[in-house]
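Worksheet: the structure to be examined is printed underneath.
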Amino acid sequence: MKHLPLLLLGILLIIGVHTSKAAEVNSSAPQSLIITALGTEAEDNARVWQGIPGIERAPKGRLWSIWYSGAKSEGLPGNYCVVATSGDEGNTWTKPVLLIQGPTPESSTFDAVPWLDPKGRLWLFYVQSVRDSNGKMKAYGTFAIRTDSPDDAAPKWSEPFLVFSGGRLFGKPILSHSGAWLAPIYIDGKVVDKETGVLSSTDDGASWTFLGGTSVPKDVRNYSEHTLAQRKNGDLWMIIRTTTGLSESTSTDGGHTWSAPIPFRAGPNTRAHVRRLASGAFLLVYHDLTESDQFQLGLKSKPMYPRSKIAVWLSDDEGRTWPHKLLLDTRECSYPDATQSPDGRIFVTYDSWRYGCFPAMYRYDPDAGPGKEIAFAVIREGDIRAGKIASPDSRLRQVINRATGYGNAIELKKADERKLREKGKEKR
């Protein structure tokens, strides 16, 4: 396999640095393996689960999708990011053409997001976690690789470089009215006093500075995966994941200070996506659920919203009301991302049943399908306003990739439960 050189010099990332300069840290930070000559590790049957996807479109139309997989479940050493591409507007997709793998067996890469910058370059942001052989954290932060020719089927990628130490960038950056690039960042540790914030770059991504942020109340805080948009009056708007749904926060000074988060939409504890469309309308991708959709799970006494019924909304008044809606998928699905082409088409991706279909666990999904699917839809703004597919080139529930391997954490747990039941029957 061909990959970029592994640079492990044993130098720890410095937790607490508010400005990251790629040129300064590239030679000292642990480097992921960027693998482009793929063998059996890229086969669909090598992945036993997969999810958390992103999508982006190159200037001439090539689509790129990135998601993560590896190990028995998410959040484990051995997780890695997978990249596939489409040269025909998503009608067909390649098998994985790129893996972003951690620098050691104890490390992992995850939570990736693609972004086409204003100069037409494609960035793949991802989080990297490096541990020693005893499982102790050595380094953690957001990294990126970039290509300057994203319309090529096999472009040349840069070496990985550090974007921000100690936090995860997990939402598409935006170009602000001031010309700065702004990106959402969630700080896991105690790097700053406001864990849900914004990075800024004024040098085309060569360095990133933490501007400021807000803090989600601890009783509803999970991973503050958030997404950014800017209103016409210059205010920045943030939509944040919480345990009870989505909250929102606003900055009137370019991202330095933010209002306290307030509830925005009830729903499942998962990420949303918001962006401004070319028409000027805001697009929101999240779950369309009511209180009747809530269910009890295990011993939890508090009702939970399922990750079901993913939908898109339009707002014509800067995100204050959302009168137009289109349901994309009724299955168990989550983690949407979206991009728009110059001709107005909107490409939305999400995962569906990332560990496979287990209908007995989820009564709300009779049409689940096989699961372990990276799905996407192609729609137009007119479809959302009509509340149905009205465009001849729009289509729902398309497939980018489906994993076929067996052996994830849920499957193994269920296999053990079956064995125990069979032993119990033998003793009777």
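Ligands are numbered from 1 in the order shown, chains are lettered A, B, ... in the order of the structure tokens, and residues start at 1 in each chain.
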
Can you list, as a list in words, every protein, DNA or RNA residue that comes within 10 Å of region 230-235 of chain A when you count only C-alpha atoms, leaving out same-chain residues fewer than 3 positions away?
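Once the nearby chain positions are removed, what remains is Ile174, Leu175, Ser176, His177, Ser178, Met238, Thr250, Ser251, Thr252, Asp253, Gly254, Gly255, Arg275, Arg276, Gly280, Phe282, Asp317, Glu318 and Gly319 of chain A.
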
| query | Skipping near chain neighbours, those fewer than 6 positions away, what residues fall within 8 Å of region 63-70 of chain A using only C-alpha atoms, listed as a ChimeraX atom specification? | reply | /A:47-57,78-87,89-90,109-114,400

Run DSSP on the backbone of this structure and report the residues of region 23-240 of chain A it assigns to helix (DSSP H, G or I), as an MDAnalysis selection string.
-> chainID A and resid 23:25 40:42 44:46

Closest of A:Arg271, A:Gly102, A:Leu33, A:Lys95 to Asn45 (chain A), counting only C-alpha atoms, is A:Lys95

For Ala46 (chain A), the closest of A:Ala71, A:Ala139, A:Leu169, A:Leu246 counting only C-alpha atoms is A:Ala71

With a cut-off of 12 Å, could you pull out the residues of region 188-271 of chain A touching region 157-166 of chain A and give me the nearest pair of atoms for each, distance in Å to one decimal, using only C-alpha atoms, ordered by chain and ascending number, as CSV?
residue,atom,partner,partner_atom,distance
A:Asp188,CA,A:Gly166,CA,6.7
A:Gly189,CA,A:Gly166,CA,6.7
A:Lys190,CA,A:Gly166,CA,8.6
A:Val191,CA,A:Gly166,CA,7.0
A:Val192,CA,A:Gly166,CA,9.9
A:Glu195,CA,A:Gly166,CA,10.7
A:Val198,CA,A:Phe164,CA,11.1
A:Leu199,CA,A:Phe164,CA,8.7
A:Ser200,CA,A:Val163,CA,10.7
A:Ser201,CA,A:Val163,CA,10.1
A:Gly205,CA,A:Val163,CA,8.4
A:Ala206,CA,A:Val163,CA,8.6
A:Ser207,CA,A:Val163,CA,7.2
A:Trp208,CA,A:Val163,CA,6.5
A:Thr209,CA,A:Phe164,CA,8.3
A:Phe210,CA,A:Phe164,CA,8.7

Worksheet item: Could you name the residues that touch Arg402 (chain A) at 9 Å or less, counting only C-alpha atoms, but leaving out those on the same chain fewer than 2 positions away, as a list in words?
Response: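 Skipping anything fewer than 2 positions along the chain leaves Asp44, Gln50, Pro370, Gly371, Lys372, Glu373, Ile374, Ala375, Val399, Ile400 and Thr404 of chain A.
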
Residues of the last selection are to be written out with N, CA and C atoms, as a CSV table (one decimal), in the first residue's frame.
chain,number,residue,atom,x,y,z
A,44,ASP,N,-16.3,-3.9,0.9
A,44,ASP,CA,-17.5,-3.7,1.7
A,44,ASP,C,-17.6,-4.7,2.8
A,50,GLN,N,-20.9,1.3,9.6
A,50,GLN,CA,-20.4,2.5,9.1
A,50,GLN,C,-21.4,3.6,9.2
A,370,PRO,N,-31.6,-3.4,4.6
A,370,PRO,CA,-30.5,-4.1,5.2
A,370,PRO,C,-29.7,-3.3,6.1
A,371,GLY,N,-29.6,-2.0,6.0
A,371,GLY,CA,-28.9,-1.2,6.9
A,371,GLY,C,-27.4,-1.1,6.5
A,372,LYS,N,-26.6,-0.5,7.4
A,372,LYS,CA,-25.2,-0.2,7.2
A,372,LYS,C,-25.0,0.6,6.0
A,373,GLU,N,-25.8,1.6,5.8
A,373,GLU,CA,-25.9,2.3,4.5
A,373,GLU,C,-25.5,3.7,4.6
A,374,ILE,N,-24.7,4.2,3.7
A,374,ILE,CA,-24.4,5.6,3.5
A,374,ILE,C,-25.4,6.0,2.4
A,375,ALA,N,-26.4,6.8,2.7
A,375,ALA,CA,-27.5,7.2,1.8
A,375,ALA,C,-27.4,8.6,1.4
A,399,VAL,N,-28.1,5.2,-2.7
A,399,VAL,CA,-27.0,4.6,-1.9
A,399,VAL,C,-25.7,5.0,-2.4
A,400,ILE,N,-24.9,5.5,-1.5
A,400,ILE,CA,-23.4,5.7,-1.9
A,400,ILE,C,-22.6,4.4,-1.6
A,404,THR,N,-21.2,-4.8,4.2
A,404,THR,CA,-21.8,-6.1,4.3
A,404,THR,C,-21.1,-7.0,5.3

Nearby residues (only C-alpha atoms) at most 7 Å from region 38-42 of chain A, same-chain spacing under 2 positions excluded, as number ranges by chain | A: 1, 35-36, 44, 46, 96-97

Same residues, C-alpha atoms, saved as a tab-separated table (two decimals), in the first residue's frame:
chain	number	residue	atom	x	y	z
A	1	MET	CA	0.00	0.00	0.00
A	35	ILE	CA	-3.81	5.25	1.87
A	36	THR	CA	-4.74	5.40	-1.81
A	44	ASP	CA	-17.48	-3.67	1.68
A	46	ALA	CA	-14.41	-5.71	5.59
A	96	PRO	CA	-13.54	3.43	-1.34
A	97	VAL	CA	-10.59	5.14	-3.03

Can you work out the spacing between CA of Asp329 (chain A) and CA of Ile310 (chain A) in Å, to one decimal?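 Computing it gives 5.5 Å between the two atoms.
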
Need the shell around Trp115 (chain A): protein/DNA/RNA residues with any atom at most 7 Å away, counting only C-alpha atoms. Skip same-chain ones fewer than 3 positions apart. Format as number ranges by chain? A: 56, 122-124, 172

Could you save those same residues with all heavy atoms as a short mmCIF file (atom, residue, chain, number, x, y, z; two decimals), in the first residue's frame?
data_model
loop_
_atom_site.label_atom_id
_atom_site.label_comp_id
_atom_site.auth_asym_id
_atom_site.auth_seq_id
_atom_site.Cartn_x
_atom_site.Cartn_y
_atom_site.Cartn_z
N GLU A 56 -19.55 16.54 -0.62
CA GLU A 56 -19.15 17.81 -1.23
C GLU A 56 -19.04 17.63 -2.74
O GLU A 56 -18.88 16.51 -3.24
CB GLU A 56 -17.81 18.28 -0.64
CG GLU A 56 -17.44 19.72 -0.96
CD GLU A 56 -18.53 20.72 -0.59
OE1 GLU A 56 -19.44 20.91 -1.43
OE2 GLU A 56 -18.47 21.31 0.51
N LEU A 122 -10.58 21.19 -2.26
CA LEU A 122 -11.36 20.30 -1.40
C LEU A 122 -10.58 19.96 -0.14
O LEU A 122 -9.46 19.43 -0.22
CB LEU A 122 -11.73 19.03 -2.15
CG LEU A 122 -12.54 18.00 -1.35
CD1 LEU A 122 -13.93 18.55 -1.00
CD2 LEU A 122 -12.66 16.69 -2.12
N TRP A 123 -11.18 20.25 1.00
CA TRP A 123 -10.62 19.89 2.30
C TRP A 123 -11.37 18.69 2.87
O TRP A 123 -12.59 18.61 2.77
CB TRP A 123 -10.77 21.06 3.29
CG TRP A 123 -10.03 22.30 2.93
CD1 TRP A 123 -10.25 23.11 1.85
CD2 TRP A 123 -8.98 22.91 3.68
NE1 TRP A 123 -9.38 24.17 1.87
CE2 TRP A 123 -8.59 24.08 2.98
CE3 TRP A 123 -8.33 22.57 4.87
CZ2 TRP A 123 -7.58 24.91 3.44
CZ3 TRP A 123 -7.32 23.41 5.33
CH2 TRP A 123 -6.95 24.56 4.61
N LEU A 124 -10.63 17.79 3.48
CA LEU A 124 -11.22 16.71 4.27
C LEU A 124 -10.74 16.90 5.71
O LEU A 124 -9.60 16.60 6.05
CB LEU A 124 -10.79 15.33 3.74
CG LEU A 124 -11.15 15.02 2.29
CD1 LEU A 124 -10.66 13.62 1.92
CD2 LEU A 124 -12.65 15.14 2.04
N LYS A 172 -19.34 22.06 8.29
CA LYS A 172 -18.70 22.78 7.19
C LYS A 172 -18.37 24.22 7.58
O LYS A 172 -19.20 24.92 8.15
CB LYS A 172 -19.63 22.79 5.98
CG LYS A 172 -19.62 21.51 5.15
CD LYS A 172 -20.55 21.66 3.98
CE LYS A 172 -20.41 20.57 2.93
NZ LYS A 172 -20.17 19.22 3.38
#

Atom pair CA of His287 (chain A) + CA of Gly267 (chain A), distance 6.7 Å

>> Please return, as number ranges by chain, all residues of region 13-205 of chain A that DSSP assigns to strand (DSSP E) on the basis of the backbone.
In response: A: 19-21, 33-35, 51-57, 63-69, 80-86, 98-101, 108-116, 122-131, 137-147, 161-165, 167-168, 174-175, 181-187, 196-201

Check your understanding: Which one of A:Arg320, A:Ser341, A:Lys302, A:Gln294 sits closest to Phe264 (chain A) if you count only C-alpha atoms?
Key ->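 Selected residue with least distance to Phe264 (chain A): A:Arg320.
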
Computed gap from CA of Ala180 (chain A) to CA of Pro118 (chain A) is 10.6 Å

At a cut-off of 9 Å, using only C-alpha atoms, what residues contact Lys119 (chain A)? Leave out same-chain residues fewer than 2 positions from it and give the result as a list of chain:residue names.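 Residues near the query, excluding close chain neighbours: A:Leu116, A:Asp117, A:Arg121, A:Leu122, A:Asp148, A:Asp204.
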
- Message: Set the distance at 8 Å and use only C-alpha atoms: which residues neighbour Trp313 (chain A) once local chain neighbours fewer than 3 positions away are removed? I'd like the list as JSON, numbers by chain.
- Response: {"A": [283, 284, 285, 322, 323, 324, 325, 326, 384]}

Take the residues from that selection and put them in a file with C-alpha atoms, as a PDB file, in the first residue's frame.
ATOM      1  CA  LEU A 283     -31.900  25.048   4.536  1.00  0.00           C
ATOM      2  CA  LEU A 284     -32.205  22.881   7.653  1.00  0.00           C
ATOM      3  CA  VAL A 285     -31.765  19.095   7.638  1.00  0.00           C
ATOM      4  CA  TRP A 322     -39.740  27.140   8.601  1.00  0.00           C
ATOM      5  CA  PRO A 323     -42.977  26.793   6.609  1.00  0.00           C
ATOM      6  CA  HIS A 324     -41.695  24.495   3.837  1.00  0.00           C
ATOM      7  CA  LYS A 325     -40.785  20.850   4.489  1.00  0.00           C
ATOM      8  CA  LEU A 326     -39.903  17.689   2.561  1.00  0.00           C
ATOM      9  CA  ILE A 384     -39.187  21.381  -0.576  1.00  0.00           C
TER      10      ILE A 384
END

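Using only C-alpha atoms, the smallest distance between any of A:Ala153, A:Lys194, A:Pro261, A:Cys357 and Val220 (chain A) comes from A:Pro261.
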
**Asked** Between A:Pro173, A:Pro342, A:Gly356, A:Pro150, which one has atoms that come closest to Ala409 (chain A), using only C-alpha atoms?
**Response**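 That would be A:Gly356, the residue with the smallest distance to Ala409 (chain A).
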